[in-house]
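A.B. asks: File model.cif follows (mmCIF, C-alpha atoms and all ligand atoms):
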```cif
data_work
loop_
_atom_site.label_atom_id
_atom_site.label_comp_id
_atom_site.auth_asym_id
_atom_site.auth_seq_id
_atom_site.Cartn_x
_atom_site.Cartn_y
_atom_site.Cartn_z
CA MET A 206 71.73 11.33 95.62
CA ALA A 207 69.18 12.08 98.29
CA PHE A 208 69.22 15.31 100.27
CA THR A 209 70.39 15.00 103.87
CA LEU A 210 70.01 17.10 107.01
CA PRO A 211 73.17 19.16 107.53
CA ALA A 212 74.65 19.02 111.03
CA LEU A 213 74.27 22.18 113.07
CA PRO A 214 77.55 24.13 113.08
CA TYR A 215 77.30 24.39 116.92
CA ALA A 216 75.67 22.57 119.84
CA HIS A 217 71.90 22.76 120.42
CA GLU A 218 72.50 24.78 123.59
CA ALA A 219 75.05 27.15 122.00
CA LEU A 220 72.58 29.96 121.32
CA GLU A 221 71.15 30.09 124.87
CA PRO A 222 69.60 32.14 126.32
CA TYR A 223 68.50 33.84 123.10
CA ILE A 224 67.35 30.70 121.29
CA ASP A 225 66.66 27.85 123.68
CA THR A 226 67.96 24.28 123.47
CA LEU A 227 64.59 22.57 123.06
CA THR A 228 63.59 24.89 120.23
CA MET A 229 66.89 24.14 118.47
CA GLN A 230 66.45 20.38 118.93
CA ILE A 231 62.91 20.37 117.53
CA HIS A 232 63.51 23.03 114.88
CA HIS A 233 66.58 21.31 113.43
CA GLY A 234 65.86 17.66 114.23
CA LYS A 235 62.14 17.59 113.46
CA HIS A 236 61.11 20.55 111.29
CA HIS A 237 64.20 20.79 109.09
CA GLN A 238 64.42 16.98 108.90
CA ALA A 239 60.81 16.87 107.69
CA TYR A 240 61.55 19.35 104.88
CA VAL A 241 64.49 17.18 103.81
CA ASP A 242 62.42 13.96 103.93
CA ASN A 243 59.48 15.49 102.06
CA LEU A 244 61.78 17.03 99.44
CA ASN A 245 63.31 13.60 98.81
CA LYS A 246 59.80 12.13 98.42
CA ALA A 247 58.80 14.94 96.07
CA VAL A 248 61.69 14.40 93.66
CA ALA A 249 61.93 10.59 93.85
CA GLY A 250 61.33 8.99 90.47
CA THR A 251 60.79 12.34 88.72
CA PRO A 252 63.02 14.24 86.26
CA ASN A 253 63.94 16.50 89.21
CA GLU A 254 65.74 13.71 91.04
CA GLY A 255 69.47 14.46 91.10
CA LYS A 256 69.10 18.22 90.54
CA SER A 257 70.87 20.50 93.01
CA LEU A 258 68.92 22.23 95.75
CA GLU A 259 69.80 25.63 94.24
CA GLU A 260 68.47 24.56 90.85
CA LEU A 261 65.21 23.32 92.37
CA VAL A 262 64.76 26.46 94.49
CA LYS A 263 65.42 28.78 91.54
CA HIS A 264 62.61 27.20 89.51
CA ALA A 265 60.44 26.29 92.51
CA GLY A 266 57.34 28.11 91.33
CA SER A 267 57.20 26.29 88.02
CA ILE A 268 57.99 22.80 89.36
CA SER A 269 55.53 21.86 92.13
CA PRO A 270 54.15 23.12 95.43
CA ALA A 271 55.86 20.25 97.28
CA ILE A 272 59.26 21.26 95.92
CA ARG A 273 58.56 24.95 96.53
CA ASN A 274 57.63 24.28 100.18
CA ASN A 275 60.12 21.58 101.08
CA GLY A 276 63.00 22.66 98.84
CA GLY A 277 62.53 26.17 100.20
CA GLY A 278 62.36 24.78 103.73
CA HIS A 279 65.59 22.85 103.28
CA TRP A 280 67.45 25.79 101.69
CA ASN A 281 66.14 28.40 104.15
CA HIS A 282 66.97 26.41 107.27
CA SER A 283 70.44 25.39 106.03
CA PHE A 284 71.09 29.10 105.40
CA PHE A 285 69.60 30.12 108.76
CA TRP A 286 71.76 27.81 110.91
CA GLU A 287 74.89 29.12 109.20
CA SER A 288 73.78 32.72 109.85
CA LEU A 289 73.94 32.20 113.62
CA ALA A 290 76.76 31.54 116.05
CA ALA A 291 77.55 31.42 119.75
CA ASN A 292 79.24 34.51 121.23
CA ALA A 293 78.16 36.44 118.15
CA GLY A 294 76.03 39.52 117.59
CA GLY A 295 77.54 42.96 117.99
CA THR A 296 77.97 45.08 114.92
CA PRO A 297 79.25 44.38 111.41
CA SER A 298 82.45 46.07 110.24
CA GLY A 299 84.23 47.07 107.05
CA ALA A 300 82.47 47.07 103.69
CA LEU A 301 79.31 45.49 105.07
CA SER A 302 78.99 48.14 107.77
CA ASP A 303 79.50 50.87 105.16
CA ALA A 304 76.88 49.33 102.86
CA ILE A 305 74.35 49.13 105.72
CA THR A 306 74.89 52.80 106.54
CA THR A 307 74.57 53.77 102.88
CA ALA A 308 71.37 51.79 102.39
CA PHE A 309 69.55 52.42 105.67
CA GLY A 310 71.18 55.48 107.28
CA SER A 311 72.55 53.66 110.34
CA PHE A 312 72.91 50.21 111.86
CA ASP A 313 70.03 50.95 114.27
CA ALA A 314 67.80 52.06 111.41
CA PHE A 315 68.67 48.85 109.55
CA LYS A 316 67.77 46.73 112.60
CA GLU A 317 64.44 48.52 112.95
CA LYS A 318 63.56 48.01 109.30
CA PHE A 319 64.62 44.36 109.33
CA ALA A 320 62.60 43.66 112.50
CA ALA A 321 59.61 45.44 110.96
CA ALA A 322 59.84 43.12 107.94
CA GLY A 323 59.67 40.16 110.33
CA MET A 324 56.88 41.67 112.41
CA THR A 325 54.65 42.54 109.47
CA ARG A 326 54.96 39.15 107.78
CA PHE A 327 51.43 37.85 108.49
CA GLY A 328 51.43 34.19 109.49
CA SER A 329 54.58 32.24 108.66
CA GLY A 330 57.59 33.30 106.65
CA TRP A 331 60.99 34.91 106.63
CA ALA A 332 62.63 38.36 106.65
CA TRP A 333 65.75 38.83 104.55
CA LEU A 334 68.69 41.15 104.01
CA GLY A 335 69.93 40.71 100.47
CA VAL A 336 72.01 42.22 97.70
CA LYS A 337 70.41 43.44 94.50
CA ASP A 338 72.36 45.32 91.82
CA GLY A 339 75.19 45.82 94.31
CA LYS A 340 72.95 47.39 96.96
CA LEU A 341 71.46 46.07 100.18
CA GLU A 342 67.73 45.67 100.59
CA ILE A 343 65.29 44.20 103.09
CA CYS A 344 62.29 42.10 102.21
CA SER A 345 60.14 39.27 103.45
CA THR A 346 58.65 36.13 101.91
CA PRO A 347 55.71 33.93 102.95
CA ASN A 348 55.90 30.28 104.02
CA GLN A 349 59.19 28.72 102.86
CA ASP A 350 59.68 30.96 99.85
CA ASN A 351 62.94 32.89 99.53
CA PRO A 352 64.35 35.69 97.35
CA LEU A 353 66.11 33.23 95.01
CA MET A 354 62.81 31.76 93.82
CA ASP A 355 61.26 32.58 90.47
CA VAL A 356 58.01 33.31 92.34
CA ALA A 357 59.52 35.73 94.87
CA ASP A 358 58.15 39.29 94.97
CA CYS A 359 61.59 40.48 96.06
CA LYS A 360 64.42 38.87 94.14
CA CYS A 361 67.93 39.30 95.54
CA THR A 362 70.91 37.35 96.83
CA PRO A 363 70.18 36.77 100.52
CA ILE A 364 72.99 37.35 103.02
CA LEU A 365 70.92 37.16 106.25
CA GLY A 366 67.52 35.69 107.00
CA VAL A 367 65.36 35.18 110.06
CA ASP A 368 62.70 32.52 110.45
CA VAL A 369 59.49 34.03 111.82
CA TRP A 370 57.44 30.83 111.82
CA GLU A 371 56.01 30.26 115.30
CA HIS A 372 57.99 26.99 115.50
CA ALA A 373 61.15 29.13 115.56
CA TYR A 374 60.27 30.91 118.82
CA TYR A 375 56.99 29.81 120.41
CA LEU A 376 58.38 27.54 123.16
CA LYS A 377 60.39 30.37 124.68
CA TYR A 378 58.66 33.53 123.48
CA GLN A 379 55.05 32.36 122.89
CA ASN A 380 53.28 35.20 121.04
CA ARG A 381 56.12 37.68 121.58
CA ARG A 382 57.65 37.67 118.12
CA ALA A 383 59.16 41.11 118.75
CA ASP A 384 61.14 39.76 121.73
CA TYR A 385 62.47 36.89 119.61
CA LEU A 386 63.48 39.31 116.86
CA GLY A 387 65.20 41.49 119.47
CA ALA A 388 67.12 38.52 120.90
CA PHE A 389 68.08 37.36 117.39
CA TRP A 390 70.68 40.17 117.11
CA ASN A 391 72.72 38.52 119.86
CA VAL A 392 73.35 35.41 117.78
CA VAL A 393 73.84 36.83 114.27
CA SER A 394 77.19 35.80 112.81
CA TRP A 395 78.28 39.03 111.14
CA LYS A 396 81.41 37.18 110.04
CA LYS A 397 79.26 34.84 107.93
CA VAL A 398 77.04 37.67 106.68
CA ALA A 399 80.14 39.65 105.64
CA GLU A 400 81.47 36.62 103.71
CA ARG A 401 78.18 36.32 101.84
CA PHE A 402 78.13 40.07 101.18
CA ALA A 403 81.64 39.96 99.71
CA ALA A 404 80.64 37.05 97.47
CA ALA A 405 77.42 38.75 96.33
CA ILE A 406 78.80 42.13 95.22
MN MN A 501 61.74 27.03 110.72
#
```
Will you turn the file into structure tokens for me?
Ligand code: MN

C.D. replies:
Amino acid sequence: MAFTLPALPYAHEALEPYIDTLTMQIHHGKHHQAYVDNLNKAVAGTPNEGKSLEELVKHAGSISPAIRNNGGGHWNHSFFWESLAANAGGTPSGALSDAITTAFGSFDAFKEKFAAAGMTRFGSGWAWLGVKDGKLEICSTPNQDNPLMDVADCKCTPILGVDVWEHAYYLKYQNRRADYLGAFWNVVSWKKVAERFAAAI
């Protein structure tokens, strides 16, 4: 069964003014769609056809660059859309809040470290918050890699990720990646991140 583009869990304009409507339309409808289409082409007629996305991503480095890039692109964007919500942001609570304080000292210190991971990713890639051995950690990956991949430098179970490719922010923020990363906090669904955290520990 071919991979398909998942519907956004909210309207294109739902994340305004932090992430603009046109960016959402192009990012989801064109960029994510292209990863889906190219992933389908990459697996068609090969022994990888019919494997789950998770299975492909896990072994991405040993399968093919096309599956690494497009399978990663499909997984990362599906995860990203679900990480965001309208009328979201604020602060996490409960066990997730406690784990952030334990790992990073404070919520503000966590935000600084996470933003720094996004800022220092040269070129295109992602910053992640993930769980490893029951503890939270922050890392970043290049291109469409992610921490589930066999080739990742930082292996963990991601619970939050931010896309720092220019296509994620350039229309509204141009070269100001830091402003985009600052606005990102207003649309993070801590409810979703907390669900993932509970499942990962
Ligand atoms: Mn993207």

A.B. asks: Closest to ligand MN 501 (chain A) among A:Cys359, A:Leu353, A:Val248, A:Val367, using only C-alpha atoms and all ligand atoms?

C.D. replies: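 Among A:Cys359, A:Leu353, A:Val248, A:Val367, it is A:Val367 that comes nearest to ligand MN 501 (chain A).
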
A.B. asks: Using only C-alpha atoms, find the one residue out of A:Ser267, A:Ser302, A:Thr226, A:Asn243 that sits nearest to Lys396 in chain A.

C.D. replies: A:Ser302

A.B. asks: For range 321-333 of chain A, work out the shell of residues within 8 Å, counting only C-alpha atoms and skipping chain neighbours fewer than 5 positions away, then give it as a list in words.

C.D. replies: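 Close residues of range 321-333 of chain A: Ile343, Cys344, Ser345, Thr346, Pro347, Asn348, Gln349, Asp350, Asn351, Pro352, Pro363, Ile364, Leu365, Gly366, Val367, Asp368, Val369, Trp370, Glu371, Arg382, Ala383 and Leu386 of chain A.
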
A.B. asks: I need the residue nearest Glu218 in chain A from this list: A:Ala239, A:Arg381, A:Leu334, A:Ala290. Use only C-alpha atoms for the distance.

C.D. replies: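 Among A:Ala239, A:Arg381, A:Leu334, A:Ala290, it is A:Ala290 that comes nearest to Glu218 in chain A.
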
A.B. asks: Select, from A:Trp395, A:Phe319, A:Phe312, A:Tyr375, the residue with the minimum atom-to-atom distance to ligand MN 501 (chain A), counting only C-alpha atoms and all ligand atoms.

C.D. replies: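 Smallest distance to ligand MN 501 (chain A) is found for A:Tyr375.
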
A.B. asks: What do you get as JSON, numbers by chain if you pick all residues at most 7 Å from ligand MN 501 (chain A), counting only C-alpha atoms and all ligand atoms?

C.D. replies: {"A": [232, 236, 237, 282, 368, 370, 372, 373]}

A.B. asks: For CA of Lys340 in chain A and CA of Ala308 in chain A, determine how far apart the two atoms are, in Å to one decimal place.

C.D. replies: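 Computing the Euclidean distance for CA of Lys340 in chain A and CA of Ala308 in chain A yields 7.2 Å.
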
A.B. asks: In Å, how far is it from CA of Thr307 in chain A to CA of Ser394 in chain A?

C.D. replies: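 That distance, rounded to one decimal, is 20.7 Å.
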
A.B. asks: Extract, using all atoms listed in the file, all DNA, RNA and protein residues at most 10 Å from Leu301 in chain A, discarding same-chain residues fewer than 5 positions from it, and format them as a list in words.

C.D. replies: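 Near neighbours after the sequence-gap exclusion: Thr296, Thr306, Thr307, Leu341, Trp395, Lys396, Val398, Ala399, Glu400, Arg401, Phe402 and Ala403 of chain A.
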
A.B. asks: Let me make sure I understand: among A:Tyr223, A:Ala405, A:Gln379, A:Gly266, which one has the smallest atom-to-atom distance to Gly294 in chain A if we use only C-alpha atoms?

C.D. replies: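 Answer, going by the shortest atom-to-atom distance: A:Tyr223.
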
A.B. asks: I'd like the interatomic distance between CA of Asp338 in chain A and CA of Thr362 in chain A, to a tenth of an Å.

C.D. replies: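 CA of Thr362 in chain A lies at a distance of 9.5 Å from CA of Asp338 in chain A.
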
A.B. asks: Using only C-alpha atoms for the distances, tell me which of A:Ala207, A:Val241, A:Ala216, A:Ala291 is nearest to Asn253 in chain A.

C.D. replies: A:Ala207

A.B. asks: Hey, can you pull every residue with an atom no more than 9 Å from (70.1, 36.2, 118.7), using only C-alpha atoms, and send it as a list in words?

C.D. replies: Leu220, Glu221, Pro222, Tyr223, Ile224, Leu289, Ala290, Ala291, Ala293, Gly294, Tyr385, Leu386, Gly387, Ala388, Phe389, Trp390, Asn391, Val392 and Val393 of chain A

A.B. asks: As a tab-separated table (two decimals) with C-alpha atoms, keeping the file's coordinate frame, please: the residues near Lys246 in chain A (cut-off 10 Å, only C-alpha atoms, same-chain neighbours under 6 positions excluded).

C.D. replies:
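File written: result-v2.tsv
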```
chain	number	residue	atom	x	y	z
A	207	ALA	CA	69.18	12.08	98.29
A	240	TYR	CA	61.55	19.35	104.88
A	254	GLU	CA	65.74	13.71	91.04
A	271	ALA	CA	55.86	20.25	97.28
A	272	ILE	CA	59.26	21.26	95.92
A	275	ASN	CA	60.12	21.58	101.08
```
